[in-house]
>>> print(open('coords.txt').read())   # compact mmCIF, C-alpha atoms
# COMPACT_ATOMS: atom_id res chain seq x y z
CA MET Z 24 -18.90 -16.18 8.01
CA ASN Z 25 -15.62 -15.78 9.81
CA LEU Z 26 -15.36 -12.16 10.90
CA ARG Z 27 -11.61 -12.16 11.55
CA LEU Z 28 -10.93 -13.69 8.15
CA GLU Z 29 -13.05 -11.08 6.38
CA LEU Z 30 -11.37 -8.30 8.38
CA THR Z 31 -7.92 -9.64 7.46
CA ARG Z 32 -8.84 -9.69 3.77
CA PHE Z 33 -10.31 -6.19 3.92
CA LEU Z 34 -7.17 -5.01 5.73
CA LYS Z 35 -5.04 -6.09 2.74
CA LEU Z 36 -7.13 -3.86 0.48
CA CYS Z 37 -6.78 -0.99 2.98
CA PHE Z 38 -3.00 -1.46 2.94
CA VAL Z 39 -2.81 -1.20 -0.83
CA LEU Z 40 -4.74 2.08 -0.84
CA SER Z 41 -3.17 3.58 2.28
CA SER Z 42 0.44 2.78 1.34
CA ALA Z 43 0.00 4.46 -2.05
CA PHE Z 44 -1.55 7.55 -0.49
CA MET Z 45 0.89 7.81 2.41
CA PHE Z 46 3.86 7.43 0.04
CA TRP Z 47 2.51 10.41 -1.89
CA LYS Z 48 1.92 12.39 1.31
CA GLY Z 49 5.37 11.54 2.66
CA LEU Z 50 6.94 12.67 -0.60
CA SER Z 51 5.00 15.92 -0.56
CA ILE Z 52 6.15 16.63 3.01
CA ALA Z 53 9.77 15.79 2.15
CA THR Z 54 9.74 18.09 -0.88
CA ASN Z 55 7.48 20.69 0.79
CA SER Z 56 5.27 20.74 -2.28
CA HIS Z 57 1.59 19.84 -2.42
CA SER Z 58 2.04 17.87 -5.63
CA PRO Z 59 5.65 16.67 -5.90
CA ILE Z 60 5.12 14.78 -9.19
CA VAL Z 61 3.30 16.41 -12.12
CA VAL Z 62 2.59 15.58 -15.73
CA VAL Z 63 3.24 18.21 -18.42
CA LEU Z 64 -0.05 19.04 -20.15
CA SER Z 65 0.95 21.64 -22.72
CA GLY Z 66 3.61 22.11 -25.36
CA SER Z 67 4.67 25.53 -24.09
CA MET Z 68 8.05 24.28 -22.85
CA GLU Z 69 9.05 22.38 -25.98
CA PRO Z 70 11.67 21.26 -26.83
CA ALA Z 71 12.70 20.94 -23.14
CA PHE Z 72 9.53 19.14 -22.06
CA GLN Z 73 6.89 17.48 -24.22
CA ARG Z 74 3.28 16.77 -23.37
CA GLY Z 75 3.21 13.67 -21.18
CA ASP Z 76 6.61 14.06 -19.49
CA VAL Z 77 6.62 13.35 -15.77
CA LEU Z 78 8.39 15.97 -13.65
CA PHE Z 79 9.79 15.59 -10.13
CA LEU Z 80 9.70 18.73 -8.01
CA TRP Z 81 11.57 20.15 -5.04
CA ASN Z 82 10.36 23.16 -3.10
CA ARG Z 83 12.83 23.58 -0.23
CA ASN Z 84 14.99 26.13 -2.02
CA GLU Z 85 14.74 29.63 -0.53
CA ARG Z 86 14.92 31.46 -3.84
CA SER Z 87 14.48 30.53 -7.46
CA LYS Z 88 17.24 31.39 -9.90
CA VAL Z 89 16.77 32.88 -13.35
CA GLY Z 90 16.70 29.92 -15.73
CA ASP Z 91 15.05 27.49 -13.26
CA VAL Z 92 12.02 25.66 -14.57
CA VAL Z 93 9.27 26.15 -11.99
CA ILE Z 94 5.69 24.95 -11.57
CA TYR Z 95 3.25 27.59 -10.41
CA GLU Z 96 -0.44 27.82 -9.69
CA VAL Z 97 -2.40 31.02 -10.18
CA GLN Z 98 -5.11 31.69 -7.62
CA ASP Z 99 -8.58 30.49 -8.70
CA LYS Z 100 -7.09 28.35 -11.47
CA SER Z 101 -6.30 24.82 -10.39
CA ILE Z 102 -4.10 23.89 -13.37
CA PRO Z 103 -0.37 23.95 -12.58
CA ILE Z 104 1.80 25.61 -15.25
CA VAL Z 105 5.40 24.62 -16.07
CA HIS Z 106 7.49 27.60 -17.22
CA ARG Z 107 10.98 29.05 -16.92
CA VAL Z 108 11.99 31.95 -14.65
CA LEU Z 109 12.84 34.96 -16.80
CA ARG Z 110 13.40 37.68 -14.18
CA GLU Z 111 13.53 37.78 -10.41
CA HIS Z 112 13.60 40.46 -7.72
CA HIS Z 113 14.19 39.75 -4.07
CA ASN Z 114 14.77 41.52 -0.78
CA ASP Z 115 16.56 40.34 2.38
CA LYS Z 116 13.40 39.02 4.03
CA ASN Z 117 12.93 36.00 1.80
CA LYS Z 118 10.43 37.76 -0.36
CA GLN Z 119 10.95 37.07 -4.04
CA LEU Z 120 9.01 38.14 -7.10
CA LEU Z 121 9.28 36.17 -10.33
CA LEU Z 122 8.39 36.65 -13.96
CA THR Z 123 8.08 33.47 -16.02
CA LYS Z 124 7.79 32.52 -19.68
CA GLY Z 125 7.29 29.31 -21.63
CA ASP Z 126 10.27 28.46 -23.86
CA ASN Z 127 7.94 27.85 -26.77
CA ASN Z 128 5.72 30.92 -26.17
CA ALA Z 129 6.21 34.22 -27.91
CA GLY Z 130 5.59 36.41 -24.87
CA ASP Z 131 5.96 36.25 -21.10
CA ASP Z 132 3.29 35.02 -18.69
CA ILE Z 133 1.80 38.29 -17.43
CA PRO Z 134 -1.50 37.67 -19.26
CA LEU Z 135 -1.75 34.28 -17.52
CA TYR Z 136 -1.40 35.72 -14.00
CA GLY Z 137 -4.73 37.56 -14.26
CA ARG Z 138 -6.22 40.19 -11.96
CA LYS Z 139 -3.71 42.84 -13.05
CA LYS Z 140 -0.88 40.90 -11.43
CA ILE Z 141 2.49 41.35 -13.10
CA TYR Z 142 4.58 38.90 -11.07
CA LEU Z 143 4.47 35.66 -9.08
CA GLN Z 144 5.37 35.43 -5.39
CA LYS Z 145 7.84 32.64 -4.72
CA GLU Z 146 6.40 31.76 -1.29
CA ARG Z 147 2.77 31.75 -2.30
CA ASP Z 148 2.47 30.71 -5.94
CA ILE Z 149 5.36 28.33 -6.67
CA VAL Z 150 4.59 24.61 -6.32
CA GLY Z 151 8.16 23.52 -6.93
CA THR Z 152 11.28 23.59 -9.08
CA VAL Z 153 11.85 20.80 -11.61
CA LYS Z 154 14.73 18.56 -10.47
CA GLY Z 155 14.25 15.55 -12.72
CA TYR Z 156 11.97 14.09 -15.36
CA VAL Z 157 10.93 10.93 -17.17
CA PRO Z 158 9.95 11.44 -20.81
CA GLN Z 159 6.47 10.37 -22.01
CA LEU Z 160 5.65 8.22 -18.97
CA GLY Z 161 2.68 10.35 -17.99
CA TYR Z 162 0.99 10.15 -21.36
CA VAL Z 163 -1.23 7.39 -20.00
CA THR Z 164 -2.82 9.82 -17.53
CA ILE Z 165 -3.45 12.39 -20.29
CA TRP Z 166 -4.91 9.68 -22.50
CA ILE Z 167 -7.20 8.48 -19.70
CA SER Z 168 -8.36 11.92 -18.59
CA GLU Z 169 -9.10 13.13 -22.12
CA ASN Z 170 -10.74 10.01 -23.54
CA LYS Z 171 -13.85 8.57 -21.93
CA TYR Z 172 -13.49 5.19 -23.66
CA ALA Z 173 -9.96 4.85 -22.29
CA LYS Z 174 -11.39 5.46 -18.83
CA LEU Z 175 -13.98 2.72 -19.31
CA ALA Z 176 -11.36 0.35 -20.72
CA LEU Z 177 -9.09 0.93 -17.72
CA MET Z 178 -11.97 0.35 -15.28
CA GLY Z 179 -12.89 -2.85 -17.11
CA PHE Z 180 -9.31 -4.06 -17.09
CA LEU Z 181 -8.94 -3.38 -13.34
CA GLY Z 182 -12.22 -5.13 -12.60
CA ILE Z 183 -11.33 -8.22 -14.63
CA SER Z 184 -7.84 -8.48 -13.18
CA ALA Z 185 -9.30 -8.18 -9.66
CA LEU Z 186 -11.72 -11.02 -10.44
CA LEU Z 187 -9.11 -13.29 -12.01
CA SER Z 188 -6.19 -12.80 -9.61
CA ASN Z 189 -5.38 -15.00 -6.65
CA GLU Z 190 -5.71 -13.47 -3.20
CA MET G 1 -19.44 -28.43 1.99
CA SER G 2 -16.46 -26.46 0.84
CA LYS G 3 -16.02 -24.97 -2.61
CA PRO G 4 -13.75 -26.71 -5.13
CA ILE G 5 -10.46 -24.91 -5.75
CA ASN G 6 -7.79 -24.93 -8.40
CA ILE G 7 -5.37 -27.46 -6.88
CA TYR G 8 -2.55 -26.26 -9.10
CA SER G 9 -2.56 -22.86 -7.42
CA ILE G 10 -0.37 -22.71 -4.32
CA PRO G 11 -2.10 -19.57 -2.91
CA GLU G 12 -5.50 -21.26 -3.12
CA LEU G 13 -4.18 -24.42 -1.49
CA ARG G 14 -2.58 -22.47 1.34
CA GLN G 15 -5.66 -20.39 1.93
CA THR G 16 -8.03 -23.37 1.95
CA LEU G 17 -5.84 -25.45 4.25
CA ASP G 18 -5.13 -22.57 6.64
CA GLU G 19 -8.83 -21.81 6.84
CA ALA G 20 -9.67 -25.47 7.51
CA LEU G 21 -7.31 -25.75 10.52
CA PRO G 22 -9.50 -24.06 13.19
CA GLY G 23 -12.40 -26.41 12.39
CA ILE G 24 -10.18 -29.49 12.60
CA PHE G 25 -8.61 -28.47 15.90
CA SER G 26 -11.98 -27.67 17.42
CA ARG G 27 -12.98 -31.26 16.64
CA TYR G 28 -9.97 -32.30 18.75
CA GLU G 29 -11.40 -30.03 21.47
CA PHE G 30 -8.95 -27.21 21.17
CA ASN G 31 -10.20 -23.70 21.86
CA GLN G 32 -8.73 -21.25 19.41
CA SER G 33 -6.81 -18.35 20.89
CA PHE G 34 -7.13 -15.14 18.89
CA ARG G 35 -4.36 -13.24 20.68
CA LEU G 36 -2.04 -12.89 17.68
CA ILE G 37 -4.61 -12.28 14.98
CA ASP G 38 -6.44 -9.71 17.11
CA SER G 39 -3.24 -7.78 17.82
CA GLN G 40 -2.43 -7.87 14.13
CA LEU G 41 -5.87 -6.53 13.25
CA VAL G 42 -5.66 -3.74 15.84
CA ILE G 43 -2.27 -2.53 14.57
CA GLY G 44 -3.36 -2.95 10.95
CA TYR G 45 -6.58 -0.98 11.32
CA GLY G 46 -4.64 1.64 13.29
CA ILE G 47 -2.52 2.14 10.19
CA ALA G 48 -5.62 2.31 7.99
CA LEU G 49 -7.22 4.90 10.33
CA VAL G 50 -4.12 7.11 10.26
CA ALA G 51 -4.09 6.98 6.47
CA ALA G 52 -7.83 7.72 6.31
CA ALA G 53 -7.42 10.74 8.61
CA SER G 54 -4.60 12.03 6.43
CA PHE G 55 -6.71 11.53 3.31
CA LEU G 56 -9.69 13.41 4.80
CA LEU G 57 -7.51 16.32 5.93
CA ASP G 58 -6.04 16.42 2.44
CA LYS G 59 -9.52 16.57 0.87
CA LYS G 60 -10.98 19.18 3.21
CA PHE G 61 -8.11 21.62 3.64
CA GLU G 62 -5.30 23.27 1.73
CA PHE G 63 -1.82 21.79 1.93
CA GLU G 64 -0.32 24.64 3.98
CA GLU G 65 -3.16 24.78 6.54
CA VAL G 66 -2.76 21.24 7.84
CA LEU G 67 0.94 20.65 7.20
CA THR G 68 1.77 20.11 10.90
CA TYR G 69 -1.02 17.55 11.33
CA GLN G 70 0.06 15.77 8.15
CA LYS G 71 3.64 15.58 9.44
CA ILE G 72 2.39 13.96 12.66
CA LEU G 73 0.17 11.56 10.71
CA VAL G 74 2.89 10.52 8.25
CA GLY G 75 5.27 10.06 11.20
CA SER G 76 2.84 7.85 13.08
CA TYR G 77 2.09 5.93 9.87
CA MET G 78 5.79 5.11 9.56
CA VAL G 79 6.07 4.12 13.24
CA LEU G 80 2.96 1.92 13.09
CA SER G 81 4.10 0.28 9.85
CA THR G 82 7.42 -0.58 11.46
CA VAL G 83 5.61 -2.04 14.47
CA TYR G 84 3.35 -4.05 12.14
CA TRP G 85 6.34 -5.36 10.19
CA TYR G 86 8.15 -6.29 13.42
CA PHE G 87 5.03 -7.99 14.78
CA THR G 88 4.42 -10.16 11.72
CA LYS G 89 8.11 -10.96 11.28
CA PHE G 90 9.25 -11.63 14.85
CA VAL G 91 6.16 -12.16 17.02
CA GLN G 92 3.70 -13.88 14.74
CA LYS G 93 6.38 -15.67 12.70
CA GLY G 94 3.93 -17.36 10.36
CA ILE G 95 1.76 -18.87 13.10
CA THR G 96 -1.62 -19.58 11.53
CA TYR G 97 -3.36 -21.27 14.46
CA GLU G 98 -3.10 -21.12 18.24
CA GLY G 99 -5.25 -23.09 20.64
CA VAL G 100 -5.58 -24.62 24.13
CA ASN G 101 -7.42 -27.82 25.02
CA LYS G 102 -9.18 -28.71 28.28
CA LYS G 103 -6.08 -30.43 29.68
CA GLY G 104 -4.28 -27.13 29.37
CA THR G 105 -2.07 -28.21 26.49
CA SER G 106 -1.50 -25.30 24.20
CA ILE G 107 -0.53 -25.70 20.60
CA ALA G 108 0.68 -23.33 17.91
CA VAL G 109 0.79 -24.23 14.24
CA LYS G 110 3.04 -22.68 11.62
CA THR G 111 2.42 -23.41 7.98
CA PHE G 112 4.10 -22.55 4.69
CA PHE G 113 4.56 -23.74 1.11
CA GLU G 114 7.84 -23.82 -0.79
CA ASN G 115 7.57 -22.31 -4.27
CA ASN G 116 6.00 -24.64 -6.83
CA GLU G 117 5.97 -27.63 -4.50
CA PRO G 118 2.62 -29.14 -3.47
CA LEU G 119 3.82 -29.89 0.06
CA TYR G 120 2.03 -28.26 2.99
CA HIS G 121 4.87 -27.70 5.48
CA ILE G 122 3.46 -27.62 8.97
CA THR G 123 5.13 -27.23 12.34
CA PHE G 124 3.31 -28.10 15.56
CA MET G 125 4.65 -26.31 18.62
CA THR G 126 3.66 -26.98 22.22
CA GLN G 127 4.40 -24.87 25.25
CA ASP G 128 7.27 -27.16 26.32
CA ASP G 129 9.15 -26.42 23.10
CA PHE G 130 8.38 -29.77 21.56
CA ASP G 131 8.39 -29.05 17.87
CA LEU G 132 7.11 -31.44 15.27
CA LYS G 133 8.07 -30.48 11.75
CA THR G 134 6.34 -32.37 9.00
CA ALA G 135 4.88 -31.94 5.54
CA LEU G 136 1.61 -33.04 4.02
CA PRO G 137 1.48 -33.83 0.30
CA VAL G 138 -1.68 -31.99 -0.74
CA ASN G 139 -2.90 -34.76 -3.03
CA LYS G 140 -3.60 -36.78 0.11
CA VAL G 141 -6.36 -34.41 1.25
CA PHE G 142 -7.66 -32.89 -2.01
CA ASN G 143 -9.49 -35.01 -4.56
CA GLU G 144 -9.06 -34.48 -8.28
CA HIS G 145 -12.09 -32.18 -8.47
CA GLY G 146 -10.46 -29.79 -6.05
CA TYR G 147 -12.56 -30.55 -2.97
CA LEU G 148 -10.83 -30.61 0.40
CA GLN G 149 -11.48 -33.97 2.09
CA THR G 150 -11.91 -32.59 5.58
CA ASP G 151 -12.08 -36.04 7.19
CA LEU G 152 -8.75 -37.09 5.70
CA LEU G 153 -7.17 -33.87 6.95
CA TYR G 154 -8.79 -34.51 10.33
CA GLN G 155 -7.27 -38.00 10.51
CA TRP G 156 -3.85 -36.80 9.37
CA ILE G 157 -3.79 -34.02 11.99
CA GLY G 158 -4.87 -36.64 14.53
CA GLN G 159 -1.88 -38.83 13.66
CA GLN G 160 0.47 -35.87 14.04
CA LEU G 161 -1.06 -35.03 17.44
CA THR G 162 -0.47 -38.64 18.57
CA ILE G 163 3.14 -38.47 17.40
CA LEU G 164 3.50 -35.22 19.31
CA GLU G 165 2.07 -36.85 22.46
CA THR G 166 4.41 -39.87 22.28
CA LYS G 167 7.36 -37.63 21.57
CA LYS G 168 6.47 -35.63 24.63
CA ALA G 169 6.05 -38.72 26.83
CA LYS G 170 9.58 -39.93 26.07
>>> encode(input="coords.txt", output="structure tokens")
Amino acid sequence: MNLRLELTRFLKLCFVLSSAFMFWKGLSIATNSHSPIVVVLSGSMEPAFQRGDVLFLWNRNERSKVGDVVIYEVQDKSIPIVHRVLREHHNDKNKQLLLTKGDNNAGDDIPLYGRKKIYLQKERDIVGTVKGYVPQLGYVTIWISENKYAKLALMGFLGISALLSNE
Amino acid sequence: MSKPINIYSIPELRQTLDEALPGIFSRYEFNQSFRLIDSQLVIGYGIALVAAASFLLDKKFEFEEVLTYQKILVGSYMVLSTVYWYFTKFVQKGITYEGVNKKGTSIAVKTFFENNEPLYHITFMTQDDFDLKTALPVNKVFNEHGYLQTDLLYQWIGQQLTILETKKAK
């Protein structure tokens, strides 16, 4: 066994994984958002966004405007929610309170906030503002995460392609 | 004995031939120098370590808590990647083998394939800037079952080394 050869081959694998991760990390630092690309999971923003749309976020704006589509996370719930800003209140010290609502929902989001909260804090709860989107591209991830056979099929496909490819 | 390969696949040919070179040169009493490959591995695994550290921080902590460390890590990842790119492009320049023999003659070998052409382009470089550029048709050293005929490769390299010697003597 040639140690240097094995190390060089293993390094290629490391590069594939690390470049993907560091690209993600670099993007999240540039946009100041912990997940700069998200997939829409619910139909609550139809007809603006459908399930499976991929959204690109930006979180370097100081304040959100009424009408902005924002992604927020409520404490203790890890699922990000995509809704539109309905009302906002702010003071001079960069503190801003927001009320949101899904375009396709009958009422505003106060029941979603939980714990008797009646607003979101821009600094703490907002993950980012939607700046661009690609329709339907993310449906693959929904399909894979909600269907165990799809997961197996993907694993099988990756394994076979790794076995059959050169280098 | 080596494994048979698919002789219609350029990547497999390149890999097999490149991996055979150190053995051949050691038969001509060259000691392989690992300077370039070791530097490449050090920089490369440096990059992998930085990425691994960033990944672990990301798993263990919240985004806001470790943002400063992540900025440093992403910055150093970019710097190291640039260094790695510069090293492979301008320092290593496709050199696949480096060695010195007992007489103190050092040799560096660059190899490449053109797309879809079964010609193993190989450049022998000595320390006095004597370059010998030549190409080996791969059907001379692989048989039809895909086995590398190491002895034929050994003889062919030997001929090239003799040419290099005579060229140098002139």
>>> residues_around(input="coords.txt", residues="His121 (chain G)", least_positions_apart="6", cutoff="8 Å", atoms="only C-alpha atoms", output="PyMOL selection string")
chain G and resi 111-114+133-136
>>> closest_atom_pairs(input="coords.txt", of="chain Z", to="chain G", cutoff="10 Å", atoms="all atoms listed in the file", output="tab-separated table")
residue	atom	partner	partner_atom	distance
Z:Asn25	CA	G:Glu19	CA	9.6
Z:Arg27	CA	G:Ile37	CA	7.8
Z:Leu28	CA	G:Glu19	CA	8.5
Z:Leu30	CA	G:Leu41	CA	7.6
Z:Thr31	CA	G:Leu41	CA	6.9
Z:Phe33	CA	G:Tyr45	CA	9.8
Z:Leu34	CA	G:Gly44	CA	6.8
Z:Lys35	CA	G:Gly44	CA	8.9
Z:Leu36	CA	G:Ala48	CA	9.8
Z:Cys37	CA	G:Ala48	CA	6.1
Z:Phe38	CA	G:Ala48	CA	6.8
Z:Val39	CA	G:Ala48	CA	9.9
Z:Leu40	CA	G:Ala51	CA	8.8
Z:Ser41	CA	G:Ala51	CA	5.5
Z:Ser42	CA	G:Ala51	CA	8.0
Z:Ala43	CA	G:Ala51	CA	9.8
Z:Phe44	CA	G:Ala51	CA	7.4
Z:Met45	CA	G:Ala51	CA	6.5
Z:Phe46	CA	G:Val74	CA	8.8
Z:Lys48	CA	G:Val74	CA	7.3
Z:Gly49	CA	G:Val74	CA	6.2
Z:Leu50	CA	G:Val74	CA	10.0
Z:Ser51	CA	G:Phe63	CA	9.3
Z:Ile52	CA	G:Lys71	CA	7.0
Z:Ala53	CA	G:Lys71	CA	9.5
Z:Asn55	CA	G:Leu67	CA	9.2
Z:Ser56	CA	G:Phe63	CA	8.3
Z:His57	CA	G:Phe63	CA	5.9
Z:Ser58	CA	G:Phe63	CA	9.3
Z:Arg147	CA	G:Glu64	CA	10.0
Z:Asn189	CA	G:Pro11	CA	6.8
Z:Glu190	CA	G:Pro11	CA	7.1
>>> residues_around(input="coords.txt", residues="region 159-167 of chain G", least_positions_apart="6", cutoff="12 Å", atoms="all atoms listed in the file", output="PyMOL selection string")
chain G and resi 24-25+28+30+105-109+122-136+152-153
>>> closest_residue(input="coords.txt", among="G:Val79, G:Val100, G:Leu119, G:Ala20", to="Lys140 (chain G)", atoms="only C-alpha atoms")
G:Leu119
>>> atom_distance(input="coords.txt", atom1="CA of Lys118 (chain Z)", atom2="CA of Gln144 (chain Z)")
7.5 Å
>>> closest_residue(input="coords.txt", among="Z:Glu169, Z:Asp148, Z:Glu111, Z:Asp131", to="Ser87 (chain Z)", atoms="all atoms listed in the file")
Z:Glu111
>>> closest_residue(input="coords.txt", among="Z:Leu120, Z:Leu186, Z:Ile104, Z:Val61", to="Leu135 (chain Z)", atoms="only C-alpha atoms")
Z:Ile104
>>> residues_around(input="coords.txt", residues="Asn117 (chain Z)", least_positions_apart="4", cutoff="9 Å", atoms="all atoms listed in the file", output="ChimeraX atom specification")
/Z:85-86,113,145-146
>>> write_last_selection(input="coords.txt", atoms="C-alpha atoms", output="PDB file, in the frame of the given file")
ATOM      1  CA  GLU Z  85      14.740  29.630  -0.530  1.00  0.00           C
ATOM      2  CA  ARG Z  86      14.920  31.460  -3.840  1.00  0.00           C
ATOM      3  CA  HIS Z 113      14.190  39.750  -4.070  1.00  0.00           C
ATOM      4  CA  LYS Z 145       7.840  32.640  -4.720  1.00  0.00           C
ATOM      5  CA  GLU Z 146       6.400  31.760  -1.290  1.00  0.00           C
TER       6      GLU Z 146
END
>>> atom_distance(input="coords.txt", atom1="CA of Leu64 (chain Z)", atom2="CA of Gly179 (chain Z)")
25.6 Å
>>> atom_distance(input="coords.txt", atom1="CA of Asp126 (chain Z)", atom2="CA of Tyr156 (chain Z)")
16.8 Å
>>> residues_near_point(input="coords.txt", point="(1.5, 15.1, -16.5)", cutoff="7 Å", atoms="only C-alpha atoms", output="list in words")
Val61, Val62, Val63, Leu64, Gly75, Asp76, Val77, Gly161, Tyr162, Thr164 and Ile165 of chain Z
>>> residues_near_point(input="coords.txt", point="(-12.6, -29.7, -0.3)", cutoff="7 Å", atoms="only C-alpha atoms", output="MDAnalysis selection string")
chainID G and resid 2:4 142 146:150
